[in-house]
Structure formats: C-alpha cells, structure tokens
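K.L.:
Sharing work_11.cif here; it has mmCIF, C-alpha atoms.
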```cif
data_input
#
loop_
_atom_site.label_atom_id
_atom_site.label_comp_id
_atom_site.auth_asym_id
_atom_site.auth_seq_id
_atom_site.Cartn_x
_atom_site.Cartn_y
_atom_site.Cartn_z
CA MET A 1 42.85 33.96 -38.51
CA ALA A 2 45.06 32.70 -35.88
CA PHE A 3 43.60 35.26 -33.57
CA GLY A 4 40.21 34.24 -34.70
CA HIS A 5 40.95 30.70 -33.90
CA LEU A 6 42.36 31.68 -30.56
CA VAL A 7 39.28 33.55 -29.72
CA SER A 8 37.04 30.70 -30.66
CA ILE A 9 38.72 28.31 -28.33
CA PRO A 10 37.38 29.94 -25.16
CA ARG A 11 33.90 29.87 -26.54
CA SER A 12 34.17 26.15 -26.98
CA THR A 13 35.50 25.74 -23.47
CA SER A 14 32.70 27.81 -22.11
CA SER A 15 30.25 25.67 -23.94
CA ILE A 16 31.87 22.58 -22.60
CA ALA A 17 31.80 24.03 -19.14
CA THR A 18 28.26 24.94 -19.59
CA VAL A 19 27.40 21.50 -20.77
CA GLY A 20 29.35 19.97 -17.85
CA SER A 21 27.62 22.22 -15.43
CA TYR A 22 24.30 21.34 -16.87
CA GLU A 23 25.08 17.65 -16.65
CA THR A 24 26.24 18.07 -13.08
CA ARG A 25 23.07 19.96 -12.25
CA VAL A 26 21.01 17.28 -13.91
CA LEU A 27 22.84 14.57 -12.02
CA TRP A 28 22.48 16.48 -8.76
CA GLN A 29 18.83 17.05 -9.47
CA SER A 30 18.45 13.42 -10.37
CA ASN A 31 20.21 12.35 -7.19
CA ARG A 32 18.11 14.79 -5.28
CA ASN A 33 14.99 13.31 -6.78
CA ILE A 34 16.23 9.82 -6.06
CA THR A 35 17.04 10.83 -2.48
CA LYS A 36 13.64 12.44 -2.13
CA GLU A 37 11.95 9.35 -3.54
CA GLN A 38 13.94 7.14 -1.20
CA SER A 39 13.09 9.44 1.67
CA ILE A 40 9.44 9.26 0.78
CA LYS A 41 9.70 5.52 0.34
CA THR A 42 11.52 5.17 3.64
CA CYS A 43 8.97 7.37 5.32
CA LEU A 44 6.17 5.34 3.84
CA GLN A 45 7.84 2.12 4.96
CA HIS A 46 8.34 3.58 8.43
CA ASN A 47 4.71 4.63 8.59
CA ILE A 48 3.62 1.23 7.34
CA LEU A 49 5.76 -0.47 9.98
CA LYS A 50 4.46 1.92 12.62
CA LEU A 51 0.91 1.23 11.62
CA HIS A 52 1.64 -2.49 11.59
CA TYR A 53 3.15 -2.50 15.06
CA LYS A 54 0.45 -0.16 16.28
CA GLY A 55 -2.13 -2.56 14.90
CA ILE A 56 -0.36 -5.42 16.64
CA ASP A 57 -0.20 -3.38 19.81
CA ARG A 58 -3.89 -2.49 19.50
CA GLY A 59 -4.73 -6.10 18.83
CA PHE A 60 -2.74 -7.16 21.86
CA THR A 61 -4.34 -4.42 23.97
CA THR A 62 -7.80 -5.36 22.73
CA HIS A 63 -7.10 -9.02 23.37
CA HIS A 64 -5.78 -8.12 26.80
CA LYS A 65 -8.89 -6.06 27.51
CA ILE A 66 -11.15 -8.85 26.30
CA HIS A 67 -9.23 -11.39 28.36
CA LYS A 68 -9.40 -9.10 31.39
CA THR A 69 -13.11 -8.56 30.88
CA SER A 70 -13.62 -12.30 30.55
CA LEU A 71 -11.73 -12.84 33.80
CA ILE A 72 -13.82 -10.20 35.55
CA ASN A 73 -17.04 -11.71 34.20
CA ALA A 74 -15.89 -15.19 35.17
CA THR A 75 -15.01 -13.99 38.67
CA SER A 76 -18.34 -12.20 39.00
CA SER A 77 -20.13 -15.30 37.73
CA ALA A 78 -18.26 -17.47 40.22
CA GLN A 79 -19.07 -15.07 43.03
CA SER A 80 -22.68 -15.00 41.87
CA HIS A 81 -22.83 -18.79 41.85
CA GLU A 82 -21.23 -18.86 45.28
CA SER A 83 -23.65 -16.23 46.63
CA GLU A 84 -26.77 -17.94 45.21
CA PRO A 85 -26.80 -20.75 47.84
CA GLN A 86 -26.15 -18.18 50.55
CA ALA A 87 -29.03 -16.04 49.31
CA HIS A 88 -31.27 -19.11 49.08
CA LYS A 89 -30.28 -20.15 52.59
CA LYS A 90 -30.94 -16.64 53.90
CA SER A 91 -34.34 -16.67 52.20
CA GLN A 92 -35.15 -20.01 53.82
CA ASN A 93 -34.06 -18.72 57.22
CA ASP A 94 -36.20 -15.61 56.77
CA SER A 95 -39.19 -17.78 55.82
CA LEU A 96 -38.68 -20.03 58.85
CA GLU A 97 -38.38 -17.03 61.15
CA SER A 98 -41.54 -15.56 59.64
CA ILE A 99 -43.46 -18.81 60.18
CA LYS A 100 -42.09 -19.12 63.70
CA GLY A 101 -43.12 -15.56 64.49
CA ALA A 102 -46.62 -16.13 63.11
CA LEU A 103 -47.05 -19.30 65.21
CA LEU A 104 -45.85 -17.58 68.37
CA ALA A 105 -48.21 -14.67 67.74
CA PHE A 106 -51.14 -17.05 67.28
CA LEU A 107 -50.23 -18.98 70.44
CA LYS A 108 -50.31 -15.75 72.42
CA PHE A 109 -53.58 -14.74 70.77
CA SER A 110 -55.35 -18.08 71.17
CA ARG A 111 -54.67 -18.72 74.88
CA LEU A 112 -54.48 -22.45 74.18
CA TYR A 113 -53.36 -23.18 77.72
CA VAL A 114 -56.89 -22.34 78.90
CA PHE A 115 -58.49 -24.56 76.28
CA PHE A 116 -56.29 -27.57 76.95
CA GLY A 117 -56.22 -26.93 80.68
CA THR A 118 -60.00 -26.56 81.06
CA MET A 119 -61.98 -27.59 78.02
CA ILE A 120 -60.24 -30.92 77.47
CA PRO A 121 -60.46 -32.28 81.05
CA ALA A 122 -63.90 -30.74 81.68
CA GLY A 123 -65.32 -31.89 78.35
CA LEU A 124 -63.96 -35.41 78.76
CA SER A 125 -65.21 -35.65 82.35
CA SER A 126 -68.72 -34.45 81.44
CA SER A 127 -68.86 -36.79 78.44
CA PHE A 128 -67.88 -39.77 80.61
CA LEU A 129 -70.45 -38.81 83.26
CA ALA A 130 -73.16 -38.96 80.57
CA VAL A 131 -72.42 -42.67 79.99
CA ASP A 132 -74.17 -44.84 82.61
CA ASN A 133 -72.67 -48.07 81.32
CA PHE A 134 -69.64 -48.12 79.02
CA SER A 135 -70.68 -51.51 77.67
CA GLU A 136 -73.56 -49.81 75.84
CA ILE A 137 -71.26 -47.65 73.69
CA SER A 138 -68.34 -48.62 71.48
CA PRO A 139 -64.98 -46.85 71.89
CA ILE A 140 -65.22 -45.55 68.33
CA LEU A 141 -68.64 -44.00 68.93
CA LEU A 142 -67.44 -42.51 72.22
CA VAL A 143 -64.39 -40.89 70.60
CA LYS A 144 -66.48 -39.70 67.67
CA GLY A 145 -69.02 -38.10 70.00
CA ILE A 146 -66.28 -36.32 71.95
CA LEU A 147 -64.59 -34.99 68.80
CA GLN A 148 -67.94 -33.83 67.40
CA TYR A 149 -68.17 -31.49 70.36
CA MET A 150 -64.52 -30.57 70.90
CA VAL A 151 -63.59 -29.53 67.36
CA PRO A 152 -66.38 -26.96 66.80
CA PHE A 153 -65.97 -25.63 70.30
CA PHE A 154 -62.26 -25.08 69.74
CA PHE A 155 -63.20 -22.37 67.25
CA THR A 156 -65.85 -21.01 69.62
CA PHE A 157 -63.20 -20.69 72.29
CA GLN A 158 -60.96 -18.80 69.85
CA PHE A 159 -63.84 -16.40 69.20
CA ILE A 160 -64.32 -15.88 72.95
CA VAL A 161 -60.69 -15.03 73.71
CA GLY A 162 -60.39 -13.08 70.45
CA VAL A 163 -63.41 -10.82 70.87
CA ASN A 164 -62.17 -9.85 74.32
CA GLN A 165 -58.75 -8.89 72.93
CA VAL A 166 -60.24 -6.92 70.04
CA SER A 167 -62.40 -4.98 72.51
CA ASP A 168 -59.59 -4.38 75.04
CA VAL A 169 -56.59 -3.30 72.95
CA GLU A 170 -55.88 -0.17 75.01
CA ILE A 171 -56.31 -2.01 78.31
CA ASP A 172 -54.09 -4.88 77.17
CA MET A 173 -51.31 -2.42 76.33
CA ILE A 174 -51.04 -1.94 80.10
CA ASN A 175 -52.18 -5.28 81.53
CA LYS A 176 -51.00 -7.73 78.86
CA PRO A 177 -48.57 -5.90 76.56
CA ASP A 178 -47.31 -9.13 74.96
CA LEU A 179 -50.59 -9.91 73.17
CA PRO A 180 -50.45 -9.55 69.36
CA LEU A 181 -53.05 -6.79 69.11
CA ALA A 182 -51.36 -4.83 71.89
CA THR A 183 -47.91 -5.17 70.30
CA GLY A 184 -49.16 -4.39 66.79
CA GLU A 185 -48.34 -7.83 65.36
CA TYR A 186 -52.05 -8.08 64.48
CA SER A 187 -53.90 -5.08 63.15
CA PHE A 188 -57.36 -4.28 64.49
CA THR A 189 -58.94 -5.14 61.12
CA PHE A 190 -57.13 -8.47 60.96
CA GLY A 191 -58.24 -9.24 64.52
CA VAL A 192 -61.89 -8.56 63.67
CA ILE A 193 -61.71 -10.74 60.54
CA LEU A 194 -60.02 -13.53 62.49
CA VAL A 195 -62.57 -13.45 65.31
CA ALA A 196 -65.54 -13.42 62.92
CA SER A 197 -64.03 -16.33 60.96
CA PHE A 198 -63.72 -18.39 64.14
CA LEU A 199 -67.37 -17.84 65.05
CA LEU A 200 -68.66 -18.67 61.57
CA THR A 201 -66.47 -21.78 61.44
CA SER A 202 -67.73 -23.07 64.79
CA LEU A 203 -71.37 -22.50 63.87
CA GLY A 204 -70.85 -24.12 60.46
CA LEU A 205 -69.25 -27.22 61.99
CA ALA A 206 -71.99 -27.47 64.63
CA TRP A 207 -74.65 -27.25 61.93
CA MET A 208 -72.90 -30.03 59.99
CA VAL A 209 -72.83 -32.23 63.10
CA GLY A 210 -76.49 -31.50 63.76
CA SER A 211 -76.34 -31.64 67.57
CA LYS A 212 -78.78 -29.23 69.23
CA PRO A 213 -76.90 -29.16 72.58
CA LEU A 214 -73.73 -28.30 70.70
CA ILE A 215 -75.38 -25.51 68.70
CA TRP A 216 -77.06 -24.01 71.76
CA SER A 217 -73.92 -24.15 73.89
CA ILE A 218 -72.00 -22.29 71.17
CA ILE A 219 -74.71 -19.63 70.89
CA VAL A 220 -74.96 -19.16 74.67
CA ALA A 221 -71.20 -19.06 75.28
CA ALA A 222 -70.42 -16.79 72.32
CA GLY A 223 -73.37 -14.50 73.08
CA LEU A 224 -72.51 -14.07 76.76
CA MET A 225 -68.84 -13.36 76.11
CA ALA A 226 -69.63 -10.96 73.26
CA ALA A 227 -71.95 -9.06 75.60
CA TYR A 228 -69.23 -9.06 78.24
CA SER A 229 -66.57 -7.66 75.89
CA ILE A 230 -68.06 -5.51 73.10
CA ASN A 231 -68.36 -1.80 73.86
CA LEU A 232 -71.89 -1.08 72.58
CA PRO A 233 -75.02 0.25 74.27
CA LEU A 234 -76.42 -2.25 76.83
CA LEU A 235 -73.30 -4.37 76.39
CA ARG A 236 -69.76 -4.19 77.81
CA TRP A 237 -70.92 -6.15 80.86
CA LYS A 238 -67.43 -6.13 82.34
CA ARG A 239 -68.30 -2.68 83.71
CA SER A 240 -70.59 -4.46 86.19
CA THR A 241 -69.22 -6.88 88.80
CA ILE A 242 -72.38 -9.00 88.92
CA LEU A 243 -72.71 -9.24 85.14
CA THR A 244 -69.00 -10.05 84.85
CA VAL A 245 -69.32 -13.01 87.23
CA LEU A 246 -72.56 -14.26 85.70
CA SER A 247 -71.44 -14.02 82.07
CA ASN A 248 -68.08 -15.71 82.67
CA ALA A 249 -69.30 -18.46 85.00
CA MET A 250 -72.39 -19.29 82.90
CA SER A 251 -70.37 -19.28 79.69
CA MET A 252 -67.81 -21.73 81.08
CA MET A 253 -70.47 -23.94 82.63
CA ALA A 254 -72.40 -24.13 79.35
CA SER A 255 -69.25 -24.70 77.29
CA PHE A 256 -67.27 -27.13 79.42
CA HIS A 257 -69.90 -29.13 81.30
CA LEU A 258 -73.56 -28.88 80.32
CA GLY A 259 -72.87 -28.76 76.58
CA PRO A 260 -70.70 -31.89 76.29
CA PHE A 261 -72.86 -33.79 78.82
CA LEU A 262 -76.13 -33.14 76.95
CA HIS A 263 -74.47 -33.71 73.58
CA MET A 264 -73.25 -37.15 74.63
CA LYS A 265 -76.46 -38.03 76.48
CA THR A 266 -79.11 -36.92 73.99
CA PHE A 267 -77.37 -36.78 70.60
CA VAL A 268 -74.85 -39.63 70.75
CA LEU A 269 -76.58 -42.07 73.13
CA LYS A 270 -80.14 -40.97 72.18
CA LYS A 271 -81.27 -40.92 75.83
CA ALA A 272 -83.27 -38.55 77.99
CA ALA A 273 -81.40 -35.76 79.76
CA THR A 274 -81.11 -37.07 83.33
CA PHE A 275 -78.44 -35.77 85.73
CA SER A 276 -76.54 -38.20 87.96
CA ARG A 277 -75.33 -37.45 91.48
CA SER A 278 -71.77 -37.00 90.24
CA MET A 279 -72.87 -34.56 87.52
CA LEU A 280 -74.78 -32.45 90.03
CA LEU A 281 -71.75 -32.29 92.33
CA SER A 282 -69.54 -31.41 89.39
CA CYS A 283 -71.81 -28.53 88.37
CA PHE A 284 -71.87 -27.10 91.88
CA VAL A 285 -68.17 -27.40 92.76
CA VAL A 286 -66.86 -26.42 89.36
CA GLY A 287 -69.45 -23.62 89.19
CA CYS A 288 -67.92 -22.15 92.38
CA LEU A 289 -64.44 -22.48 90.88
CA TYR A 290 -65.58 -20.73 87.70
CA THR A 291 -66.93 -17.91 89.85
CA VAL A 292 -63.54 -17.60 91.52
CA ILE A 293 -61.86 -17.52 88.10
CA SER A 294 -64.21 -14.71 87.02
CA ILE A 295 -63.22 -12.67 90.07
CA SER A 296 -59.52 -13.53 90.34
CA LYS A 297 -58.74 -12.66 86.73
CA ASP A 298 -59.04 -8.96 87.66
CA LEU A 299 -56.62 -9.11 90.58
CA ALA A 300 -53.56 -8.63 88.38
CA ASP A 301 -55.29 -6.13 86.05
CA VAL A 302 -56.13 -3.37 88.51
CA GLU A 303 -53.82 -0.80 86.91
CA GLY A 304 -55.19 -1.19 83.39
CA ASP A 305 -58.80 -1.44 84.55
CA LYS A 306 -58.46 1.79 86.50
CA ALA A 307 -57.05 3.54 83.45
CA ALA A 308 -60.02 2.31 81.40
CA GLY A 309 -62.52 3.50 84.01
CA LEU A 310 -63.74 0.00 84.94
CA LYS A 311 -65.03 -0.66 88.45
CA THR A 312 -64.12 -4.30 89.04
CA LEU A 313 -64.54 -5.96 92.42
CA ALA A 314 -60.76 -5.78 92.97
CA ILE A 315 -60.89 -2.00 92.48
CA ARG A 316 -63.97 -1.56 94.67
CA LEU A 317 -62.93 -3.75 97.62
CA GLY A 318 -59.18 -4.02 97.21
CA VAL A 319 -56.92 -6.87 96.13
CA LYS A 320 -56.50 -8.42 99.57
CA GLN A 321 -60.21 -8.63 100.37
CA VAL A 322 -61.07 -10.09 96.97
CA PHE A 323 -58.27 -12.63 97.20
CA TRP A 324 -59.47 -14.01 100.52
CA LEU A 325 -63.05 -13.99 99.22
CA CYS A 326 -61.84 -16.29 96.45
CA ILE A 327 -60.17 -18.62 98.96
CA SER A 328 -63.40 -18.73 101.01
CA LEU A 329 -65.46 -19.69 97.95
CA ILE A 330 -63.04 -22.49 97.09
CA GLN A 331 -63.17 -23.87 100.63
CA MET A 332 -66.95 -23.67 100.62
CA ALA A 333 -67.13 -25.64 97.37
CA TYR A 334 -64.85 -28.33 98.78
CA GLY A 335 -66.92 -28.40 101.96
CA ILE A 336 -70.05 -29.20 99.94
CA ALA A 337 -68.13 -31.93 98.10
CA ILE A 338 -67.02 -33.47 101.42
CA THR A 339 -70.62 -33.44 102.65
CA MET A 340 -71.99 -35.08 99.51
CA GLY A 341 -69.21 -37.64 99.59
CA ALA A 342 -69.98 -38.51 103.20
CA LEU A 343 -73.64 -39.12 102.25
CA SER A 344 -72.75 -41.48 99.41
CA PRO A 345 -74.20 -45.03 99.78
CA VAL A 346 -71.10 -46.53 98.17
CA LEU A 347 -68.28 -46.99 100.69
CA TRP A 348 -65.30 -46.70 98.35
CA SER A 349 -66.80 -43.60 96.73
CA LYS A 350 -67.40 -42.09 100.18
CA ILE A 351 -63.79 -42.64 101.25
CA VAL A 352 -62.28 -41.36 98.01
CA THR A 353 -64.48 -38.27 97.77
CA VAL A 354 -64.07 -37.18 101.40
CA LEU A 355 -60.36 -37.88 101.63
CA THR A 356 -59.38 -36.23 98.35
CA HIS A 357 -61.36 -33.06 99.05
CA VAL A 358 -59.94 -32.76 102.54
CA ILE A 359 -56.49 -32.89 100.97
CA MET A 360 -57.55 -30.22 98.48
CA VAL A 361 -58.75 -27.93 101.29
CA LEU A 362 -55.38 -28.15 103.04
CA TYR A 363 -53.44 -27.78 99.81
CA VAL A 364 -55.31 -24.63 98.71
CA TRP A 365 -54.93 -23.03 102.16
CA ASN A 366 -51.20 -23.72 102.23
CA HIS A 367 -50.82 -22.30 98.71
CA ALA A 368 -52.74 -19.15 99.64
CA VAL A 369 -50.69 -18.50 102.77
CA ASN A 370 -47.22 -19.39 101.53
CA SER A 371 -47.14 -19.01 97.76
CA VAL A 372 -49.09 -15.84 96.87
CA ASP A 373 -47.63 -12.35 97.12
CA LEU A 374 -50.52 -9.89 96.98
CA SER A 375 -48.19 -7.04 96.03
CA SER A 376 -46.86 -8.85 92.95
CA LYS A 377 -48.73 -8.75 89.67
CA ASP A 378 -47.00 -11.92 88.49
CA SER A 379 -47.92 -13.76 91.68
CA LEU A 380 -51.57 -12.77 91.35
CA GLN A 381 -51.57 -13.89 87.72
CA SER A 382 -50.04 -17.19 88.84
CA PHE A 383 -52.85 -17.62 91.36
CA HIS A 384 -55.38 -17.14 88.58
CA MET A 385 -53.66 -19.86 86.56
CA PHE A 386 -53.62 -22.04 89.67
CA MET A 387 -57.42 -22.09 89.52
CA PHE A 388 -57.37 -23.94 86.20
CA LYS A 389 -55.29 -26.68 87.82
CA LEU A 390 -57.91 -27.03 90.55
CA ILE A 391 -60.63 -27.42 87.93
CA THR A 392 -58.63 -30.14 86.17
CA VAL A 393 -58.22 -32.03 89.45
CA GLU A 394 -61.93 -31.67 90.27
CA CYS A 395 -62.96 -32.97 86.84
CA VAL A 396 -61.05 -36.15 87.67
CA LEU A 397 -62.35 -36.46 91.26
CA VAL A 398 -66.05 -36.23 90.34
CA LEU A 399 -65.69 -39.38 88.25
CA PHE A 400 -65.44 -41.32 91.54
CA VAL A 401 -68.59 -39.84 93.07
CA ARG A 402 -71.49 -42.28 93.36
#
```
Represent the structure from my file as structure tokens, please.
P.N.:
Amino acid sequence: MAFGHLVSIPRSTSSIATVGSYETRVLWQSNRNITKEQSIKTCLQHNILKLHYKGIDRGFTTHHKIHKTSLINATSSAQSHESEPQAHKKSQNDSLESIKGALLAFLKFSRLYVFFGTMIPAGLSSSFLAVDNFSEISPILLVKGILQYMVPFFFTFQFIVGVNQVSDVEIDMINKPDLPLATGEYSFTFGVILVASFLLTSLGLAWMVGSKPLIWSIIVAAGLMAAYSINLPLLRWKRSTILTVLSNAMSMMASFHLGPFLHMKTFVLKKAATFSRSMLLSCFVVGCLYTVISISKDLADVEGDKAAGLKTLAIRLGVKQVFWLCISLIQMAYGIAITMGALSPVLWSKIVTVLTHVIMVLYVWNHAVNSVDLSSKDSLQSFHMFMFKLITVECVLVLFVR
C-alpha cells in the first residue's frame, strides 16, 4: 500500500510536469504568435510608412518636374516673345531689300536716263515750237497736251529698250553684263511679257487720247526698233550699218520731235501742220546728232558684236576712224546752225544762235581731244552719253532761232 502510494507519487509529478510543459509550450507558442503578429504588424506599418513617404517623395518629384517644365515653357515662351519682334524686323528688312532690288533691276532695264535726258527736253522743245503765240493757249491746256504725249510714249520707250535687250541677251552678257536679262534677274519669258505689256499699254493710252500724230509716232518708232532688234527673216537690221543708222535716227526723230510737234500743232491747237524756221533747224541739227548716237553706241560694244557676228561700222572701219567721223558730223551740224543763225532777220536771234553754236564747236573739239580715250571701253561709253547732253543743249538753243 505504502509502496503503491509511493509509486503513484511519481506519476502525479510526471503529470504535473507534463501539464507545466504543455502550459509553457502554449505560452511560448502564444508569445511566438504574438511576436509574429507584432512583426507582421510592424512590417505592415513600415511598408505603409514607406509607401507614404514614397508617395510624398513622388508627389514632390512630380511637383518638381511640373514646376521645372513650367519654368522651361515659360522661358521658351519668353524667348519666343522676344524673338517675334526680331523675326518681324528681319521679315521687314527682307521685304525692303526685295523691293529695293526690284527697283534697281527695273532702273537698269528701263534706261530712264535716256528718256529723261532726251525725250523730256526734246518733247518739251518741240511742243513749245508748235505754239506760235503763247497767248492763244492756256497753261493748263499746254501742260495737258504735253502729258497726253509724254505718258503714252514713256511706255513706248520702255518697249524700245526692252525689245532690244530681249533680243540681245547673249551679246549683253559681254557688252552690258549688269542688265537684268544678262544677269538672270529677269527671265527671258518675263522679259517678253514685260515688253509686250509696255507696247499694249502705250497703244491703249494713245487710242484713249485719240491723237493721230501720237498713234502714228508710236507705231513708227516701235516698228522701226522692233525691226532693228528682233532676229527674224528680213529683220535684225542691226546687221546692216545703213539700216542701223536709218532705223535709230528715224525712230528718235519721230518720237522726240515730229510726234510731239504735230500732236501739239494739229491735235491740241487744231491748226495746220506748218513748220517754222526754228523747227526746221532743230530737225536738221538734232537729226545729225541722232545719226552720231546711232553710230557711236557701237564704239564700246565691239567685243560683243564681234562675238555675235555683227558687222557694225566700228568693226568695219575701226574705232578711231568712226570716232572722228562722229566728231565731223557734229561739227557739220553746228556749222549749218551757225549759217542759218547768221541769215536770221532778227538781230538778237542772230547773235544768240551764232555765238552759242560757235561755243559748242569749240567745246566738242576740246572734249574729243582731251577727254576721250579710244582704248578705254568706259571712255567710249562716256562719249556716247555725252551726245545726249549735246541734244539737250540743242533743244534749248533752237528755241531762240527766229
């Protein structure tokens, strides 16, 4: 019994130990679970905080990027606004340069120095010579009559100089390389359209005015110069020396003298076509000067004319011989003027006409001897331009012939 009790005691202890061990295990497992839960919770909190700060960081980065982009856009916009006036200014400068270039090209094409240096003084002189008594015409009617002739003939003159350039592009590349068709500033097609437009405009204006002398002078001048320039069968008269002189001299005489005189006399004043002594002298002297112009224009163009196969008088006879032929014709014309002046019944007209033409003889001779270099192309071209000055002076002098 006692032994039985003794034996039972260990069993109870073992049970207690087992229970204690079980409780300890449960507690440890519970603590382990609590630790695991806390670890998970801590991890979750850490992840939440990480995500939170990452979101803040992303928000800050995004905001920074947006702010940076805004600054870039603002800077670009500011630069764009600053560059807009510069671009506008550059565009204006380009437009002005384009307009300036177009005007310079037209000035070279139109040869306005010939028109204003010849047509204006010659047309005015011939129109004044048609008026016998200025008391019979009002200033307004006189100015109107002059403009009725000058304006249409301005376009005729542009046709004349234009058709010659269109026909001589290859020659002008050598002789006059600064002309728009020679430089390529004007295309051949544009030149043809421009020339045709000038002719149609002049004829249209003449038809509107209704003056027969004006219409006929335009037809004669344009026809002669077209025949002189255009390279077609039976045309291209510049290949012949005689036809060159005749076409140029007759064209200028019809345009600058006979046309405006008859227009003023018959159309404006409604009078018969009678020629005064001064008009006859003007036609003769200026006709000789126009002949000299027709010859002297080829003195500086020998090189290009040779290349084109033309046989001008300067090529046939030589520059020196043709130059002194021109001087002889000028002196002959002034000699006739001195003779007619000496025969004038009016004393003051006699003195003025003789004295002024004697001075012109001496002046031309001095210019020929001392101012012209026959070996210089520029000097020969200058002599040709000198002839237009002589015509201007003569158009003034004939107004004093009686």
K.L.:
For Gly259 (chain A), find every residue with an atom within 9 Å (counting only C-alpha atoms), except residues of its own chain fewer than 4 positions away, and show them as JSON, numbers by chain.
P.N.:
{"A": [123, 126, 149, 213, 214, 215, 216, 217, 218, 253, 254, 255, 263, 264]}
K.L.:
Kindly resolve the PyMOL selection byres ((chain A and resi 382) around 12) on the present coordinates and return the residues as a list in words.
P.N.:
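This file gives the following for the PyMOL selection byres ((chain A and resi 382) around 12): Ile293, Ser296, Lys297, Leu299, Ala300, His367, Ala368, Ser371, Val372, Asp373, Leu374, Ser376, Lys377, Asp378, Ser379, Leu380, Gln381, Phe383, His384, Met385, Phe386, Met387, Phe388 and Lys389 of chain A.
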K.L.:
Taking the file above as input, evaluate the PyMOL selection byres ((chain A and resi 337) around 9) and report the hits as number ranges by chain.
P.N.:
A: 281-282, 284-285, 332-336, 338-342, 353-354, 357
K.L.:
Let's have the selection written as a short mmCIF file (atom, residue, chain, number, x, y, z; two decimals), in the frame of the given file, with C-alpha atoms.
P.N.:
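So selection-v2.cif came out as:
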```cif
data_model
loop_
_atom_site.label_atom_id
_atom_site.label_comp_id
_atom_site.auth_asym_id
_atom_site.auth_seq_id
_atom_site.Cartn_x
_atom_site.Cartn_y
_atom_site.Cartn_z
CA LEU A 281 -71.75 -32.29 92.33
CA SER A 282 -69.54 -31.41 89.39
CA PHE A 284 -71.87 -27.10 91.88
CA VAL A 285 -68.17 -27.40 92.76
CA MET A 332 -66.95 -23.67 100.62
CA ALA A 333 -67.13 -25.64 97.37
CA TYR A 334 -64.85 -28.33 98.78
CA GLY A 335 -66.92 -28.40 101.96
CA ILE A 336 -70.05 -29.20 99.94
CA ILE A 338 -67.02 -33.47 101.42
CA THR A 339 -70.62 -33.44 102.65
CA MET A 340 -71.99 -35.08 99.51
CA GLY A 341 -69.21 -37.64 99.59
CA ALA A 342 -69.98 -38.51 103.20
CA THR A 353 -64.48 -38.27 97.77
CA VAL A 354 -64.07 -37.18 101.40
CA HIS A 357 -61.36 -33.06 99.05
#
```
K.L.:
When you count only C-alpha atoms, which of these residues is closest to Ser127 (chain A): A:Leu103, A:Leu142, A:Leu224, A:Ala182?
P.N.:
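Result for the nearest residue to Ser127 (chain A): A:Leu142.
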K.L.:
Applied to this file, what does the PyMOL selection byres ((chain A and resi 225) around 12) return in terms of residues, put as a ChimeraX atom specification?
P.N.:
/A:156-165,167,218-224,226-231,235-238,243-252,254-255,294
K.L.:
Tell me, in Å to one decimal, how far CA of Ser344 (chain A) is from CA of Gly117 (chain A).
P.N.:
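Pair CA of Ser344 (chain A) / CA of Gly117 (chain A) returns 28.9 Å.
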K.L.:
For CA of Ser110 (chain A) and CA of Ala314 (chain A), quote the distance in Å rounded to one decimal.
P.N.:
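Going from CA of Ser110 (chain A) over to CA of Ala314 (chain A), I get 25.6 Å.
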K.L.:
With a distance cut-off of 9 Å and only C-alpha atoms, select the neighbouring residues of Leu205 (chain A), excluding the residue or stretch itself and same-chain residues fewer than 6 positions from it, and output the selection as JSON, numbers by chain.
P.N.:
{"A": [148, 151, 152]}
K.L.:
Taking 3 positions as the minimum chain separation for residues in the same chain, which residues sit within 7 Å of region 390-395 of chain A when counting all atoms listed in the file? Answer as an mmCIF file with C-alpha atoms, in the coordinates of the input.
P.N.:
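And here's selection_2.cif as it stands now:
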```
data_model
loop_
_atom_site.group_PDB
_atom_site.id
_atom_site.type_symbol
_atom_site.label_atom_id
_atom_site.label_comp_id
_atom_site.auth_asym_id
_atom_site.auth_seq_id
_atom_site.Cartn_x
_atom_site.Cartn_y
_atom_site.Cartn_z
ATOM 1 C CA GLY A 117 -56.220 -26.930 80.680
ATOM 2 C CA THR A 118 -60.000 -26.560 81.060
ATOM 3 C CA PRO A 121 -60.460 -32.280 81.050
ATOM 4 C CA ALA A 122 -63.900 -30.740 81.680
ATOM 5 C CA SER A 125 -65.210 -35.650 82.350
ATOM 6 C CA VAL A 286 -66.860 -26.420 89.360
ATOM 7 C CA LEU A 289 -64.440 -22.480 90.880
ATOM 8 C CA PHE A 386 -53.620 -22.040 89.670
ATOM 9 C CA MET A 387 -57.420 -22.090 89.520
ATOM 10 C CA VAL A 398 -66.050 -36.230 90.340
#
```
K.L.:
Which distance in Å separates CA of Phe106 (chain A) and CA of Phe256 (chain A), to one decimal?
P.N.:
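If I compute the distance from CA of Phe106 (chain A) to CA of Phe256 (chain A), I get 22.6 Å.
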K.L.:
Point out the residue among A:Leu262, A:Ala308, A:Ile171, A:Leu325 with the least atom-to-atom distance to Cys288 (chain A), counting all atoms listed in the file.
P.N.:
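Ranking A:Leu262, A:Ala308, A:Ile171, A:Leu325 by distance to Cys288 (chain A), first place goes to A:Leu325.
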K.L.:
Determine, counting only C-alpha atoms, which protein, DNA and RNA residues have an atom within 10 Å of an atom of region 187-190 of chain A; residues of the same chain fewer than 6 positions away are not included. Present the result as a ChimeraX atom specification.
P.N.:
/A:165-167,169,180-181,196
K.L.:
Find, counting all atoms listed in the file, the residue in A:Val268, A:Leu199, A:Ile295, A:Leu329 that gets nearest to Leu147 (chain A).
P.N.:
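Nearest candidate to Leu147 (chain A) out of A:Val268, A:Leu199, A:Ile295, A:Leu329: A:Val268.
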